[in-house]
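Dropping run-v1.cif in here (mmCIF, C-alpha atoms):
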```
data_model
#
loop_
_atom_site.label_atom_id
_atom_site.label_comp_id
_atom_site.auth_asym_id
_atom_site.auth_seq_id
_atom_site.Cartn_x
_atom_site.Cartn_y
_atom_site.Cartn_z
CA MET A 11 36.76 -40.39 -4.60
CA GLU A 12 40.29 -41.35 -5.38
CA LYS A 13 42.27 -39.67 -8.15
CA LYS A 14 43.76 -41.92 -10.79
CA VAL A 15 46.94 -41.92 -12.80
CA VAL A 16 45.96 -42.39 -16.43
CA VAL A 17 48.23 -42.61 -19.44
CA LEU A 18 46.58 -41.33 -22.61
CA ASN A 19 48.23 -41.74 -25.98
CA VAL A 20 47.20 -38.68 -27.98
CA ASN A 21 48.61 -38.11 -31.47
CA GLY A 22 51.40 -40.59 -30.76
CA ILE A 23 52.52 -39.04 -27.47
CA ASP A 24 51.92 -40.60 -24.04
CA TYR A 25 50.55 -38.12 -21.51
CA GLU A 26 50.51 -39.17 -17.87
CA LEU A 27 47.62 -37.45 -16.11
CA TYR A 28 46.52 -37.45 -12.49
CA ILE A 29 42.79 -36.96 -12.73
CA ASN A 30 39.43 -37.35 -11.04
CA PRO A 31 37.84 -40.47 -12.61
CA LYS A 32 34.81 -38.45 -13.64
CA THR A 33 36.99 -36.44 -16.04
CA LEU A 34 35.64 -36.74 -19.57
CA LEU A 35 37.97 -37.44 -22.45
CA VAL A 36 37.26 -34.00 -23.93
CA GLU A 37 38.26 -32.38 -20.61
CA ALA A 38 41.46 -34.42 -20.45
CA ILE A 39 42.37 -33.44 -24.01
CA ARG A 40 41.55 -29.74 -23.66
CA ASP A 41 42.15 -28.86 -20.02
CA TYR A 42 44.93 -31.27 -18.97
CA ILE A 43 46.83 -31.91 -22.21
CA GLY A 44 46.09 -28.47 -23.63
CA LEU A 45 45.04 -29.46 -27.14
CA THR A 46 42.11 -27.11 -27.69
CA GLY A 47 41.34 -27.99 -31.31
CA THR A 48 38.74 -30.48 -30.08
CA LYS A 49 35.63 -28.50 -29.21
CA ARG A 50 33.18 -28.91 -26.41
CA GLY A 51 29.74 -28.21 -27.81
CA CYS A 52 26.45 -29.60 -26.57
CA ASP A 53 27.92 -31.98 -23.99
CA THR A 54 24.99 -34.34 -24.60
CA VAL A 55 26.24 -36.62 -27.41
CA SER A 56 24.33 -34.62 -30.01
CA CYS A 57 26.47 -32.11 -31.86
CA GLY A 58 29.69 -34.01 -32.63
CA ALA A 59 32.04 -31.02 -32.13
CA CYS A 60 34.08 -33.11 -29.68
CA THR A 61 34.64 -36.00 -32.13
CA VAL A 62 38.08 -37.61 -31.92
CA LEU A 63 39.36 -40.93 -33.21
CA ILE A 64 40.04 -43.92 -30.98
CA ASN A 65 42.07 -46.53 -32.84
CA GLY A 66 40.89 -44.87 -36.05
CA MET A 67 37.17 -44.89 -35.27
CA SER A 68 35.17 -41.83 -34.37
CA ILE A 69 33.73 -41.30 -30.90
CA LYS A 70 32.32 -38.30 -29.06
CA SER A 71 34.86 -37.36 -26.41
CA CYS A 72 32.22 -35.58 -24.28
CA SER A 73 30.68 -38.94 -23.52
CA VAL A 74 33.65 -41.15 -22.84
CA LEU A 75 35.46 -41.16 -19.51
CA ALA A 76 39.15 -40.36 -19.90
CA VAL A 77 40.00 -43.45 -17.81
CA GLN A 78 38.20 -45.59 -20.38
CA ALA A 79 40.37 -44.28 -23.22
CA GLU A 80 43.58 -45.63 -21.68
CA GLY A 81 45.34 -48.11 -23.93
CA TYR A 82 43.87 -46.72 -27.15
CA LYS A 83 45.50 -44.55 -29.78
CA ILE A 84 43.65 -41.25 -29.68
CA THR A 85 43.86 -38.87 -32.63
CA THR A 86 42.67 -35.28 -32.42
CA ILE A 87 42.51 -32.64 -35.14
CA GLU A 88 46.06 -31.59 -34.19
CA GLY A 89 47.28 -35.09 -35.05
CA LEU A 90 46.19 -35.09 -38.68
CA GLU A 91 48.94 -32.95 -40.15
CA LYS A 92 52.23 -34.59 -40.99
CA ASN A 93 55.58 -32.79 -41.10
CA GLY A 94 53.87 -29.43 -41.02
CA LYS A 95 51.60 -30.27 -43.96
CA LEU A 96 47.86 -30.41 -43.56
CA ALA A 97 46.16 -33.75 -44.17
CA PRO A 98 44.24 -34.13 -47.46
CA ILE A 99 40.90 -33.80 -45.70
CA GLN A 100 42.01 -30.51 -44.11
CA GLU A 101 43.22 -29.15 -47.45
CA ALA A 102 39.96 -30.18 -49.05
CA PHE A 103 37.89 -28.42 -46.35
CA LEU A 104 39.87 -25.21 -47.03
CA ASP A 105 39.54 -25.49 -50.81
CA GLN A 106 35.81 -26.18 -50.68
CA GLY A 107 35.10 -23.45 -48.13
CA ALA A 108 33.65 -26.05 -45.76
CA TYR A 109 34.08 -23.65 -42.84
CA GLN A 110 32.18 -20.62 -41.75
CA CYS A 111 32.28 -20.08 -38.00
CA GLY A 112 34.55 -23.12 -37.80
CA PHE A 113 33.28 -24.50 -34.53
CA CYS A 114 32.07 -27.79 -35.97
CA ALA A 115 35.07 -28.18 -38.27
CA PRO A 116 37.45 -30.17 -36.00
CA GLY A 117 34.73 -32.71 -35.23
CA MET A 118 33.43 -32.69 -38.80
CA ILE A 119 36.93 -33.32 -40.16
CA MET A 120 37.53 -36.17 -37.70
CA SER A 121 34.22 -37.79 -38.66
CA SER A 122 35.09 -37.38 -42.34
CA GLN A 123 38.51 -38.91 -41.73
CA ALA A 124 36.96 -41.85 -39.84
CA LEU A 125 34.57 -42.41 -42.73
CA LEU A 126 37.41 -42.37 -45.25
CA ASN A 127 39.43 -44.75 -43.05
CA GLU A 128 36.61 -47.28 -43.31
CA ASN A 129 35.38 -46.50 -46.78
CA PRO A 130 37.86 -44.74 -49.10
CA ASN A 131 35.24 -44.34 -51.85
CA PRO A 132 31.96 -43.36 -50.23
CA THR A 133 28.89 -42.40 -52.23
CA GLU A 134 27.32 -39.02 -51.55
CA TRP A 135 24.70 -40.73 -49.42
CA GLU A 136 27.36 -42.64 -47.46
CA ILE A 137 29.15 -39.34 -46.81
CA ARG A 138 25.95 -37.77 -45.51
CA GLU A 139 25.35 -40.80 -43.31
CA GLY A 140 28.97 -40.72 -42.16
CA ILE A 141 28.65 -37.16 -40.84
CA GLU A 142 25.13 -37.56 -39.46
CA GLY A 143 26.50 -37.31 -35.92
CA ASN A 144 27.96 -33.85 -36.56
CA ILE A 145 25.90 -30.69 -36.68
CA CYS A 146 26.94 -27.65 -38.74
CA ARG A 147 24.79 -24.54 -38.51
CA CYS A 148 26.55 -22.52 -41.22
CA THR A 149 27.52 -24.38 -44.35
CA GLY A 150 24.42 -26.37 -45.18
CA TYR A 151 26.71 -29.42 -45.45
CA ASN A 152 27.10 -29.32 -49.25
CA SER A 153 30.63 -27.89 -49.16
CA ILE A 154 31.56 -30.50 -46.53
CA VAL A 155 30.26 -33.30 -48.73
CA ARG A 156 32.21 -31.87 -51.67
CA ALA A 157 35.39 -31.79 -49.57
CA VAL A 158 35.06 -35.47 -48.68
CA GLN A 159 34.29 -36.31 -52.31
CA ALA A 160 37.40 -34.42 -53.42
CA VAL A 161 39.60 -36.51 -51.11
CA ALA A 162 37.90 -39.74 -52.20
CA SER A 163 38.48 -38.84 -55.84
CA GLY A 164 42.23 -38.81 -55.16
CA LYS A 165 42.67 -35.10 -55.78
CA TYR A 166 44.82 -34.83 -52.67
CA THR A 167 47.55 -37.41 -52.29
CA GLU A 168 49.03 -38.19 -48.86
CA VAL A 169 52.31 -36.47 -48.14
CA LYS A 170 54.89 -39.20 -47.66
CA SER A 171 57.34 -38.58 -44.84
CA MET B 3 27.83 -31.71 -13.54
CA ILE B 4 28.85 -35.27 -12.80
CA HIS B 5 29.20 -35.98 -9.08
CA ASP B 6 32.41 -37.53 -7.82
CA PHE B 7 32.52 -41.31 -7.81
CA THR B 8 35.03 -44.04 -7.13
CA TYR B 9 36.07 -45.85 -10.28
CA LEU B 10 36.28 -49.63 -10.18
CA LYS B 11 38.07 -51.52 -12.93
CA PRO B 12 37.81 -55.30 -12.62
CA GLY B 13 40.22 -57.53 -14.53
CA SER B 14 37.71 -60.21 -15.50
CA LEU B 15 34.00 -60.96 -15.58
CA LYS B 16 34.30 -63.00 -12.39
CA GLU B 17 36.00 -60.12 -10.63
CA ALA B 18 33.43 -57.68 -11.98
CA LEU B 19 30.54 -59.70 -10.55
CA ALA B 20 32.33 -60.07 -7.21
CA MET B 21 33.00 -56.32 -7.05
CA TYR B 22 29.43 -55.49 -8.03
CA ALA B 23 28.07 -57.68 -5.25
CA GLU B 24 30.33 -55.99 -2.71
CA HIS B 25 29.56 -52.36 -3.50
CA ASP B 26 26.29 -50.68 -2.67
CA ASP B 27 25.22 -47.63 -4.69
CA CYS B 28 27.21 -48.83 -7.67
CA LYS B 29 26.40 -48.39 -11.37
CA VAL B 30 27.91 -50.40 -14.20
CA ILE B 31 29.38 -48.44 -17.09
CA CYS B 32 30.16 -49.96 -20.46
CA GLY B 33 30.08 -47.54 -23.38
CA GLY B 34 28.43 -44.99 -21.11
CA GLN B 35 26.55 -43.40 -24.01
CA SER B 36 23.38 -43.38 -21.93
CA LEU B 37 24.75 -43.53 -18.38
CA LEU B 38 27.02 -40.49 -18.61
CA ILE B 39 24.13 -38.37 -19.89
CA VAL B 40 21.88 -39.16 -16.93
CA MET B 41 24.83 -38.74 -14.56
CA ARG B 42 25.58 -35.33 -16.05
CA GLN B 43 21.94 -34.35 -15.69
CA GLY B 44 22.24 -35.26 -12.02
CA MET B 45 19.48 -37.85 -12.33
CA ILE B 46 21.77 -40.38 -10.70
CA SER B 47 24.95 -39.90 -8.68
CA PRO B 48 26.35 -43.31 -7.76
CA GLU B 49 29.15 -43.62 -5.25
CA TYR B 50 30.87 -46.28 -7.36
CA VAL B 51 31.11 -46.78 -11.10
CA LEU B 52 32.15 -50.25 -12.23
CA ASP B 53 33.70 -50.34 -15.70
CA ILE B 54 33.13 -53.46 -17.82
CA LYS B 55 33.90 -51.92 -21.23
CA HIS B 56 37.25 -53.68 -21.49
CA ILE B 57 35.94 -57.13 -20.52
CA LYS B 58 36.52 -59.13 -23.68
CA GLU B 59 34.73 -62.25 -22.39
CA LEU B 60 31.42 -60.55 -23.19
CA ASP B 61 32.47 -59.13 -26.57
CA TYR B 62 31.36 -61.70 -29.14
CA ILE B 63 28.91 -62.46 -31.94
CA LYS B 64 28.29 -66.18 -32.50
CA PHE B 65 25.94 -67.75 -35.00
CA ASP B 66 24.93 -71.36 -35.39
CA PRO B 67 22.21 -72.40 -37.90
CA LYS B 68 20.44 -74.46 -35.20
CA ASP B 69 21.12 -72.44 -32.07
CA GLY B 70 20.76 -69.02 -33.67
CA LEU B 71 22.58 -65.85 -32.73
CA ARG B 72 24.34 -65.05 -29.46
CA ILE B 73 25.61 -61.53 -28.82
CA GLY B 74 27.73 -60.75 -25.76
CA ALA B 75 26.72 -57.76 -23.68
CA THR B 76 29.79 -55.61 -24.36
CA THR B 77 29.50 -56.00 -28.14
CA THR B 78 29.21 -52.55 -29.68
CA HIS B 79 26.37 -51.44 -31.92
CA ARG B 80 28.90 -50.97 -34.70
CA GLU B 81 30.10 -54.57 -34.43
CA ILE B 82 26.50 -55.72 -34.88
CA GLU B 83 25.97 -53.29 -37.77
CA LYS B 84 29.07 -54.57 -39.56
CA SER B 85 28.64 -58.27 -38.85
CA ASP B 86 28.31 -60.29 -42.07
CA VAL B 87 26.64 -63.18 -40.32
CA ILE B 88 23.98 -60.89 -38.84
CA LYS B 89 23.47 -59.12 -42.15
CA LYS B 90 22.89 -62.46 -43.84
CA ASN B 91 20.58 -64.03 -41.27
CA TYR B 92 18.95 -61.09 -39.46
CA PRO B 93 19.10 -58.12 -41.89
CA VAL B 94 16.55 -56.22 -39.79
CA LEU B 95 19.10 -55.96 -36.96
CA VAL B 96 21.62 -54.31 -39.27
CA GLU B 97 18.99 -51.91 -40.63
CA MET B 98 18.00 -51.00 -37.08
CA GLU B 99 21.61 -50.43 -36.00
CA ARG B 100 22.34 -48.21 -39.00
CA LYS B 101 19.66 -45.81 -37.77
CA LEU B 102 20.62 -46.00 -34.09
CA ALA B 103 21.96 -42.63 -32.93
CA SER B 104 25.15 -41.64 -34.79
CA VAL B 105 28.28 -43.46 -35.93
CA GLN B 106 30.25 -42.15 -32.95
CA VAL B 107 27.70 -43.50 -30.46
CA ARG B 108 27.53 -46.85 -32.22
CA ASN B 109 31.31 -47.14 -32.19
CA TRP B 110 31.41 -46.97 -28.39
CA GLY B 111 27.93 -47.86 -27.09
CA THR B 112 27.06 -51.50 -26.44
CA ILE B 113 24.01 -53.72 -26.82
CA GLY B 114 24.05 -54.77 -23.16
CA GLY B 115 24.22 -51.19 -21.99
CA ASN B 116 21.42 -50.14 -24.30
CA LEU B 117 19.10 -52.87 -23.00
CA ALA B 118 20.02 -52.36 -19.33
CA HIS B 119 19.37 -48.62 -19.64
CA ALA B 120 15.78 -49.54 -20.66
CA ASP B 121 14.94 -46.32 -22.42
CA SER B 122 11.48 -46.81 -23.87
CA ALA B 123 12.67 -45.14 -27.09
CA GLY B 124 15.61 -47.53 -27.48
CA ASP B 125 15.82 -49.17 -30.90
CA PRO B 126 17.18 -52.69 -30.27
CA ALA B 127 14.54 -53.94 -27.82
CA PRO B 128 11.44 -53.85 -30.08
CA VAL B 129 13.33 -55.54 -32.91
CA LEU B 130 14.86 -58.19 -30.68
CA ILE B 131 11.49 -58.92 -29.04
CA ALA B 132 9.91 -59.25 -32.48
CA LEU B 133 12.65 -61.81 -33.23
CA ASP B 134 11.69 -63.67 -30.03
CA ALA B 135 15.01 -62.95 -28.30
CA GLU B 136 15.99 -64.05 -24.82
CA ILE B 137 18.30 -62.25 -22.45
CA THR B 138 20.70 -63.82 -19.98
CA VAL B 139 21.64 -61.91 -16.86
CA GLY B 140 23.91 -63.03 -14.05
CA ASN B 141 25.51 -62.22 -10.73
CA LYS B 142 28.35 -63.85 -8.82
CA ASP B 143 26.12 -66.77 -7.83
CA GLY B 144 24.63 -67.72 -11.18
CA GLN B 145 22.66 -66.82 -14.26
CA ARG B 146 19.07 -66.68 -15.40
CA THR B 147 17.56 -66.44 -18.86
CA MET B 148 14.18 -64.98 -19.78
CA PRO B 149 12.30 -63.73 -22.82
CA LEU B 150 13.52 -60.19 -23.50
CA GLU B 151 9.98 -58.83 -23.24
CA ASP B 152 9.90 -59.92 -19.58
CA PHE B 153 13.14 -58.04 -18.85
CA PHE B 154 11.60 -54.57 -18.90
CA VAL B 155 9.55 -53.37 -15.92
CA ASP B 156 8.99 -49.64 -16.38
CA TYR B 157 10.66 -46.54 -17.78
CA PHE B 158 14.42 -47.06 -17.21
CA GLU B 159 13.65 -50.05 -14.99
CA THR B 160 14.42 -53.73 -15.55
CA VAL B 161 14.29 -56.97 -13.57
CA LEU B 162 18.03 -56.70 -12.85
CA GLN B 163 18.65 -57.25 -9.14
CA LYS B 164 21.54 -55.95 -7.09
CA GLY B 165 24.78 -57.42 -8.36
CA GLU B 166 23.29 -58.58 -11.66
CA ILE B 167 24.48 -57.51 -15.09
CA VAL B 168 23.37 -58.33 -18.63
CA LEU B 169 25.52 -61.11 -20.08
CA GLU B 170 24.06 -62.14 -23.43
CA VAL B 171 21.25 -61.75 -25.92
CA HIS B 172 20.10 -64.84 -27.80
CA VAL B 173 18.03 -64.73 -30.96
CA PRO B 174 16.58 -68.03 -32.24
CA ALA B 175 17.55 -69.28 -35.69
CA PRO B 176 15.39 -67.66 -38.36
CA ALA B 177 12.42 -69.86 -39.30
CA ALA B 178 11.75 -70.78 -42.91
CA ARG B 179 9.55 -68.25 -44.73
CA SER B 180 10.06 -65.60 -42.07
CA ALA B 181 11.12 -61.97 -42.13
CA ALA B 182 11.07 -58.94 -39.87
CA ALA B 183 10.89 -55.20 -40.41
CA TYR B 184 11.41 -52.18 -38.18
CA GLN B 185 10.93 -48.49 -38.60
CA LYS B 186 11.05 -45.57 -36.23
CA PHE B 187 9.58 -42.17 -36.84
CA ASN B 188 11.79 -39.20 -36.09
CA LEU B 189 12.53 -35.79 -37.50
CA LEU B 190 16.32 -36.11 -37.58
CA GLU B 191 17.92 -39.36 -38.60
CA SER B 192 20.15 -39.62 -35.53
CA ASP B 193 17.46 -38.62 -33.04
CA MET B 194 15.62 -40.89 -30.69
CA GLY B 195 12.50 -42.37 -32.22
CA ILE B 196 9.28 -40.52 -31.46
CA VAL B 197 7.60 -43.90 -31.88
CA ALA B 198 8.62 -47.15 -33.57
CA SER B 199 7.12 -50.40 -34.74
CA ALA B 200 8.68 -53.81 -35.36
CA ALA B 201 6.95 -56.79 -36.97
CA SER B 202 8.10 -60.32 -37.67
CA VAL B 203 6.07 -62.65 -39.83
CA THR B 204 6.40 -66.41 -40.40
CA LEU B 205 4.30 -68.03 -43.14
CA ASP B 206 3.31 -71.67 -43.62
CA GLU B 207 3.68 -73.66 -46.86
CA ASN B 208 0.44 -72.22 -48.17
CA GLY B 209 1.41 -68.64 -47.51
CA ALA B 210 -0.85 -68.20 -44.51
CA CYS B 211 0.39 -66.53 -41.36
CA LYS B 212 1.84 -69.15 -39.02
CA ASP B 213 3.31 -66.75 -36.50
CA VAL B 214 3.51 -63.00 -36.12
CA ARG B 215 4.91 -60.67 -33.51
CA ILE B 216 4.25 -56.95 -33.41
CA VAL B 217 6.23 -54.79 -30.97
CA LEU B 218 5.89 -51.05 -30.43
CA GLY B 219 8.70 -48.75 -29.29
CA ASN B 220 8.20 -45.63 -27.16
CA ALA B 221 4.49 -46.42 -26.98
CA GLY B 222 4.47 -46.84 -23.20
CA PRO B 223 6.87 -47.51 -20.35
CA THR B 224 8.29 -50.67 -21.94
CA PRO B 225 8.42 -52.22 -25.42
CA ARG B 226 4.91 -53.48 -25.99
CA ARG B 227 3.53 -56.50 -27.87
CA VAL B 228 0.25 -55.94 -29.70
CA LYS B 229 -1.16 -59.39 -29.02
CA ARG B 230 -4.72 -58.56 -30.10
CA ALA B 231 -3.44 -57.69 -33.58
CA GLU B 232 -1.19 -60.76 -33.64
CA GLU B 233 -4.20 -63.01 -32.95
CA LEU B 234 -6.16 -61.27 -35.70
CA LEU B 235 -3.49 -62.10 -38.27
CA LYS B 236 -2.69 -65.71 -37.37
CA GLY B 237 -3.92 -68.19 -39.97
CA LYS B 238 -4.88 -65.44 -42.41
CA THR B 239 -3.51 -64.87 -45.89
CA TYR B 240 -2.03 -61.66 -47.31
CA ASP B 241 -4.59 -58.89 -47.08
CA GLU B 242 -3.78 -55.20 -46.89
CA ALA B 243 -7.09 -54.47 -45.20
CA LEU B 244 -6.00 -56.79 -42.39
CA PHE B 245 -2.72 -54.90 -41.98
CA ALA B 246 -4.69 -51.67 -41.71
CA GLU B 247 -6.93 -53.27 -39.09
CA ALA B 248 -3.84 -54.49 -37.17
CA GLY B 249 -2.44 -50.96 -37.36
CA LYS B 250 -5.66 -49.59 -35.93
CA ILE B 251 -5.43 -52.04 -33.04
CA ALA B 252 -1.79 -51.03 -32.45
CA SER B 253 -2.81 -47.39 -32.19
CA GLU B 254 -5.43 -48.37 -29.59
CA ASP B 255 -3.46 -50.90 -27.53
CA CYS B 256 -0.69 -48.60 -26.37
CA GLU B 257 -0.14 -45.81 -23.87
CA PRO B 258 2.18 -43.21 -25.38
CA VAL B 259 2.86 -39.93 -23.60
CA SER B 260 2.50 -36.40 -24.88
CA ASP B 261 5.71 -34.42 -24.76
CA ILE B 262 7.67 -31.75 -26.59
CA HIS B 263 8.29 -34.11 -29.53
CA ALA B 264 4.73 -35.24 -30.24
CA SER B 265 1.27 -35.39 -28.75
CA GLU B 266 -0.25 -38.67 -27.62
CA GLU B 267 -2.79 -38.47 -30.44
CA HIS B 268 -0.07 -38.01 -33.05
CA ARG B 269 1.96 -40.86 -31.60
CA ARG B 270 -1.05 -43.23 -31.72
CA HIS B 271 -1.69 -42.29 -35.33
CA VAL B 272 1.92 -42.85 -36.41
CA LEU B 273 2.11 -46.15 -34.52
CA GLY B 274 -0.87 -47.37 -36.52
CA VAL B 275 0.65 -46.32 -39.84
CA LEU B 276 4.08 -47.79 -39.06
CA THR B 277 2.59 -51.08 -37.87
CA LYS B 278 0.55 -51.44 -41.05
CA ARG B 279 3.62 -50.75 -43.18
CA MET B 280 5.94 -53.03 -41.23
CA LEU B 281 3.49 -55.93 -41.43
CA LYS B 282 3.23 -55.50 -45.20
CA LYS B 283 6.99 -55.21 -45.58
CA ALA B 284 7.80 -58.22 -43.39
CA TRP B 285 5.06 -60.31 -44.99
CA GLU B 286 6.27 -59.57 -48.52
CA GLN B 287 9.86 -60.42 -47.57
CA ALA B 288 8.76 -63.64 -45.87
CA ARG B 289 6.88 -64.62 -49.00
CA GLY B 290 10.15 -64.17 -50.91
#
```

Show this structure as structure tokens.
Amino acid sequence: MEKKVVVLNVNGIDYELYINPKTLLVEAIRDYIGLTGTKRGCDTVSCGACTVLINGMSIKSCSVLAVQAEGYKITTIEGLEKNGKLAPIQEAFLDQGAYQCGFCAPGMIMSSQALLNENPNPTEWEIREGIEGNICRCTGYNSIVRAVQAVASGKYTEVKS
Amino acid sequence: MIHDFTYLKPGSLKEALAMYAEHDDCKVICGGQSLLIVMRQGMISPEYVLDIKHIKELDYIKFDPKDGLRIGATTTHREIEKSDVIKKNYPVLVEMERKLASVQVRNWGTIGGNLAHADSAGDPAPVLIALDAEITVGNKDGQRTMPLEDFFVDYFETVLQKGEIVLEVHVPAPAARSAAAYQKFNLLESDMGIVASAASVTLDENGACKDVRIVLGNAGPTPRRVKRAEELLKGKTYDEALFAEAGKIASEDCEPVSDIHASEEHRRHVLGVLTKRMLKKAWEQARG
């Protein structure tokens, strides 16, 4: 086994890492870069807590090798806020009480954001399909669906820098 | 825990095939949505992992009204799901992809990787076999093409030889008065199917069955044609009693396992019901 130098662009910043090639993207983000918002849940591509965006689309970072994510723009939950202001989807999750224990929230928010990137006006069913890869054991999902609907309805406008 | 491996990153398809031929105990990774799970479980611990995810030569969807559909191996599930040309000509493929695992998996996982992994519960294979698809595999010395149903050998085992990778899936142009349907049975939408059934039906000018293919998923080690039921239906006209009879045959001509998700008996029953429904659905769509 030969360690590799990998440059990962996370939230607009290039991080040069010297890692074992078996390092998963979630390990690179949490343990090497130190951004611990992304959660490590089931580790078997089931729960979605580790969801991050790669070039705007959602993936599960527990099941992607860090070396394979080189050259992409990776966005984690820490990368959503702009100029110290939470992103609309984050505000909406707070307002709708779409958290309880909060463990699923970073992944759930990233999946919601990915859905809104592709489809700014999803139906309720499309929202439920969009977050099917994320498991929440507390909220019963209804408050999460309401949060995404609130953003889609234009209640929260992007903060312009 | 994943065992240490040496990571190989070829710059082109040609280089990938050369590297694969050179390295023993080497596994190919593309999206890795299946491979990394079995590596983490310690089921396999290859010395080398050859990455082909970034090889754009195999990332394509091409459609020609005569030739049909050609999908490159590194095309993601999501690209298939969102393809307008596939939606128009092979809507069953889009429906199947929409129910395959979750959005995140479909964004990164690929069709070639899914087929090469040869999980009996995989969604694409039964549908593609029902559509009479062929698969092309190749190594550094050449290529070979075969019906997709001949590609699978056993649970997680295919005809791929050392140094060979999946290159392309080809689906013939849709015949006139034809349609296909697929449904899997599972408890959670993004779960693996407990069992699945795919049916494609082609009718003649008089509305009688000209051709039919019935393929079961997770009903044995490999995707399984129900040829006895296909023969029963050929030449016949629309008859729900016949679909029920075909479903009964499907539940007999399979060898599902009993496991934590369902008993063998339950699986046989559901396979019969799904087959009956898929035949009816495909037939009605083919009739237009």

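For the choices B:Ala252, B:Leu162, B:Ala20, B:Met41, the atom-to-atom distance to chain A is smallest for B:Met41 when using all atoms listed in the file.
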
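When only C-alpha atoms are used to measure the gap to chain B, the shortest distance among A:Lys165, A:Arg138, A:Arg147, A:Lys95 belongs to A:Arg138.
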
For B:Gln145, work out the shell of residues within 9 Å, counting only C-alpha atoms and skipping chain neighbours fewer than 6 positions away, then give it as a count of residues only.
-> 4

Check which residues satisfy the PyMOL selection byres ((chain A and resi 66) around 12) in the file shown, then give them as an MDAnalysis selection string.
-> (chainID A and resid 20:21 61:65 67:69 82:86 89:90 120:128) or (chainID B and resid 106 109)

Using all atoms listed in the file, select each residue of chain A with any atom at most 10 Å away from an atom of chain B, and give the selection as a count of residues only.
-> 38

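For the file at hand, the PyMOL selection byres ((chain B and resi 226) around 10) resolves to Ser122, Ala127, Pro128, Ile131, Glu151, Phe154, Ser199, Ile216, Val217, Leu218, Gly219, Asn220, Ala221, Gly222, Pro223, Thr224, Pro225, Arg227, Val228, Lys229, Ala252, Asp255, Cys256 and Glu257 of chain B.
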
Select, from A:Ala102, A:Ile87, A:Ala97, A:Ala160, the residue with the minimum atom-to-atom distance to A:Pro132, counting all atoms listed in the file.
-> A:Ala160

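Taking atom CA of A:Tyr151 and atom CA of B:Glu99 as endpoints, the distance between them is 23.6 Å.
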
Evaluate the PyMOL selection byres ((chain A and resi 114) around 9) here and jot the selected residues down as a PyMOL selection string.
-> chain A and resi 49+51+57-60+109+111-113+115-119+144-147

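Atom pair atom CA of B:Asp206 / atom CA of B:Gly290: separated by 12.5 Å.
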
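In terms of minimum interatomic distance to A:Ile43, A:Asp24 ranks closest within A:Gln110, A:Asp24, A:Trp135, A:Leu104, counting only C-alpha atoms.
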
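As for atom CA of B:Ala75 and atom CA of B:Leu19, they are spaced 13.8 Å apart.
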
Restricting to only C-alpha atoms, whichever of A:Arg40, A:Arg156, A:Arg50, A:Lys92 is closest to A:Ile137 is A:Arg156

Distance query 12 Å from (19.0, -50.8, -35.6) using all atoms listed in the file, result as a ChimeraX atom specification | /B:78-84,88-89,92-105,108,113,116,124-130,183-186,191-192,194-195,198-200

For B:Met21, please output as a ChimeraX atom specification all residues within 10 Å (counting only C-alpha atoms; exclusion window: fewer than 6 positions along the same chain).
-> /B:10-12,15,28,52,142,165

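Distance annotation: of B:Ser253, B:Thr76, B:Thr160, B:Ser260, the residue with the minimal separation from B:Lys278 is B:Ser253; atom set is all atoms listed in the file.
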
If you take every atom of stretch 145-159 of chain B that the file lists and fit an axis-aligned box around them with 5 Å extra on each side, what centre and edge lengths come out in Å to one decimal, as lines of an AutoDock Vina configuration file?
```
center_x = 15.8
center_y = -56.7
center_z = -18.9
size_x = 23.7
size_y = 30.3
size_z = 19.2
```
